[in-house]
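Written out below as structure tokens is the structure these notes cover.
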Amino acid sequence: MSSVPGFRTIASMYSPTIRYKDAIPFAKEAMKGYEEAHLKVNLEISSCLYKSIGLLICGNAMNRLAPISFYEKYPQYALIGSRTDDFNRMDKQHQLMVLKLNELLLAAENIEPDTDTGLNLTKVTRNGILYASVMYENIQFLCVARHNYTSGKLKGTSETLVRNRRSAVTEEASE
């Protein structure tokens, strides 16, 4: 899983929109080790209510017990706030997954190499890239850490695509 860092619409929020032509290069950078052919066939684009984040999702080709497709595994996934009555339209499995996903995204936004993650989350480094990780239903979900972009390890979205640059710069300066 990868979000679109630096593509902010207002301070502390992100744009869930990514151009199709940018999705594969962005995913190749964040999901180092995944073959381009695998990404072209299996990459899924979704979004999350947490800070309006856009998601690029791709299961590993080596998955033995879980489907590669997020959509196949979680067909009821919808952008419904957990504090609304409509959240109950998803079954319990999907509700818990959404809560885990939100927990993972929060961690990925804040972890650094020396951060203590607590009991429910872990840090994983693959090919020099730091990820936040959570287990749910015997599936390891990984999300590239924002630290990779703020430290310059990953490029992410080009500067020309950043919306409302003033808000993004102001927020980062105040952190």
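Each chain in the structure tokens gets a letter, A, B, ..., in the order shown, and its residues are numbered from 1; ligands are numbered from 1 in order too.
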**OP:** Among the residues of chain A, find those DSSP assigns to helix (DSSP H, G or I) from the backbone and print them as a PyMOL selection string.
**Re:** chain A and resi 20-30+36-42+50-52+70-73+85-89+92-110+147-150+159-161+165-174
Could the residues in this selection be written to a file with C-alpha atoms, as a PDB file, in the first residue's frame?
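Output file selection14.pdb follows:
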ATOM      1  CA  TYR A  20      -3.157   6.811 -14.206  1.00  0.00           C
ATOM      2  CA  LYS A  21       0.111   7.422 -16.067  1.00  0.00           C
ATOM      3  CA  ASP A  22       1.805   8.307 -12.736  1.00  0.00           C
ATOM      4  CA  ALA A  23       0.511   5.292 -10.800  1.00  0.00           C
ATOM      5  CA  ILE A  24       2.963   2.647 -12.067  1.00  0.00           C
ATOM      6  CA  PRO A  25       6.144   4.758 -11.669  1.00  0.00           C
ATOM      7  CA  PHE A  26       4.971   5.855  -8.203  1.00  0.00           C
ATOM      8  CA  ALA A  27       4.212   2.231  -7.226  1.00  0.00           C
ATOM      9  CA  LYS A  28       7.534   0.966  -8.624  1.00  0.00           C
ATOM     10  CA  GLU A  29       9.382   3.399  -6.383  1.00  0.00           C
ATOM     11  CA  ALA A  30       7.381   2.640  -3.230  1.00  0.00           C
ATOM     12  CA  GLU A  36       6.525  -3.892 -13.444  1.00  0.00           C
ATOM     13  CA  ALA A  37       4.527  -6.595 -15.236  1.00  0.00           C
ATOM     14  CA  HIS A  38       3.048  -7.700 -11.880  1.00  0.00           C
ATOM     15  CA  LEU A  39       2.157  -4.096 -10.990  1.00  0.00           C
ATOM     16  CA  LYS A  40       0.517  -3.474 -14.373  1.00  0.00           C
ATOM     17  CA  VAL A  41      -1.761  -6.486 -13.907  1.00  0.00           C
ATOM     18  CA  ASN A  42      -2.436  -6.292 -10.154  1.00  0.00           C
ATOM     19  CA  TYR A  50      -8.222   9.122   6.727  1.00  0.00           C
ATOM     20  CA  LYS A  51      -6.920  12.541   5.620  1.00  0.00           C
ATOM     21  CA  SER A  52      -8.409  11.924   2.173  1.00  0.00           C
ATOM     22  CA  PHE A  70      -7.562  -6.136  -2.136  1.00  0.00           C
ATOM     23  CA  TYR A  71     -10.900  -5.839  -3.950  1.00  0.00           C
ATOM     24  CA  GLU A  72     -11.360  -9.617  -4.026  1.00  0.00           C
ATOM     25  CA  LYS A  73     -10.505  -9.940  -0.335  1.00  0.00           C
ATOM     26  CA  ASP A  85     -24.686   4.470  11.126  1.00  0.00           C
ATOM     27  CA  ASP A  86     -23.773   3.421   7.588  1.00  0.00           C
ATOM     28  CA  PHE A  87     -20.568   1.803   8.872  1.00  0.00           C
ATOM     29  CA  ASN A  88     -22.764  -1.149   9.900  1.00  0.00           C
ATOM     30  CA  ARG A  89     -23.558  -1.786   6.240  1.00  0.00           C
ATOM     31  CA  LYS A  92     -17.609  -7.090  10.941  1.00  0.00           C
ATOM     32  CA  GLN A  93     -14.602  -8.359   8.952  1.00  0.00           C
ATOM     33  CA  HIS A  94     -14.640  -5.258   6.757  1.00  0.00           C
ATOM     34  CA  GLN A  95     -15.257  -2.893   9.676  1.00  0.00           C
ATOM     35  CA  LEU A  96     -12.232  -4.243  11.552  1.00  0.00           C
ATOM     36  CA  MET A  97     -10.108  -4.048   8.405  1.00  0.00           C
ATOM     37  CA  VAL A  98     -11.029  -0.364   7.951  1.00  0.00           C
ATOM     38  CA  LEU A  99     -10.023   0.360  11.549  1.00  0.00           C
ATOM     39  CA  LYS A 100      -6.715  -1.490  11.035  1.00  0.00           C
ATOM     40  CA  LEU A 101      -6.139   0.402   7.794  1.00  0.00           C
ATOM     41  CA  ASN A 102      -6.642   3.741   9.572  1.00  0.00           C
ATOM     42  CA  GLU A 103      -4.252   2.646  12.317  1.00  0.00           C
ATOM     43  CA  LEU A 104      -1.685   1.655   9.686  1.00  0.00           C
ATOM     44  CA  LEU A 105      -1.965   4.949   7.791  1.00  0.00           C
ATOM     45  CA  LEU A 106      -1.548   6.977  10.986  1.00  0.00           C
ATOM     46  CA  ALA A 107       1.556   4.962  11.861  1.00  0.00           C
ATOM     47  CA  ALA A 108       3.014   5.278   8.351  1.00  0.00           C
ATOM     48  CA  GLU A 109       2.618   9.028   8.530  1.00  0.00           C
ATOM     49  CA  ASN A 110       4.493   9.290  11.827  1.00  0.00           C
ATOM     50  CA  HIS A 147       9.728   9.378   6.457  1.00  0.00           C
ATOM     51  CA  ASN A 148      11.047   7.926   3.180  1.00  0.00           C
ATOM     52  CA  TYR A 149       9.833  11.055   1.389  1.00  0.00           C
ATOM     53  CA  THR A 150      10.723  13.673   3.996  1.00  0.00           C
ATOM     54  CA  GLU A 159       6.832  19.262  -7.112  1.00  0.00           C
ATOM     55  CA  THR A 160       4.768  20.473 -10.065  1.00  0.00           C
ATOM     56  CA  LEU A 161       1.838  18.319  -8.920  1.00  0.00           C
ATOM     57  CA  ARG A 165       2.025  24.522  -1.933  1.00  0.00           C
ATOM     58  CA  ARG A 166       1.724  27.290   0.670  1.00  0.00           C
ATOM     59  CA  SER A 167      -0.446  25.131   2.951  1.00  0.00           C
ATOM     60  CA  ALA A 168       1.852  22.133   2.606  1.00  0.00           C
ATOM     61  CA  VAL A 169       4.994  24.183   3.321  1.00  0.00           C
ATOM     62  CA  THR A 170       3.370  25.989   6.263  1.00  0.00           C
ATOM     63  CA  GLU A 171       2.286  22.727   7.837  1.00  0.00           C
ATOM     64  CA  GLU A 172       5.671  21.040   7.399  1.00  0.00           C
ATOM     65  CA  ALA A 173       7.487  24.060   8.829  1.00  0.00           C
ATOM     66  CA  SER A 174       5.329  23.998  11.945  1.00  0.00           C
TER      67      SER A 174
END
Subject >> Close residues, Pro16 (chain A) itself excluded, 7 Å, only C-alpha atoms, min 5 positions apart in chain, as a list in words >> reply: Ser47, Ser52, Ile53 and Gly54 of chain A
Original post:
Could you name the residues that touch region 133-141 of chain A at 6 Å or less, counting only C-alpha atoms, but leaving out those on the same chain fewer than 5 positions away, as a ChimeraX atom specification?
Top reply: /A:121-123
**OP:** Kindly give the distance, in Å, that separates CA of Met90 (chain A) and CA of Val144 (chain A), rounded to a single decimal.
**Re:** 26.6 Å
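CA of Thr84 (chain A) lies 28.6 Å from CA of Cys58 (chain A).
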Original post:
Could you state the separation of CA of Tyr77 (chain A) and CA of Ile45 (chain A) in Å, given to one decimal place?
Top reply: 12.7 Å
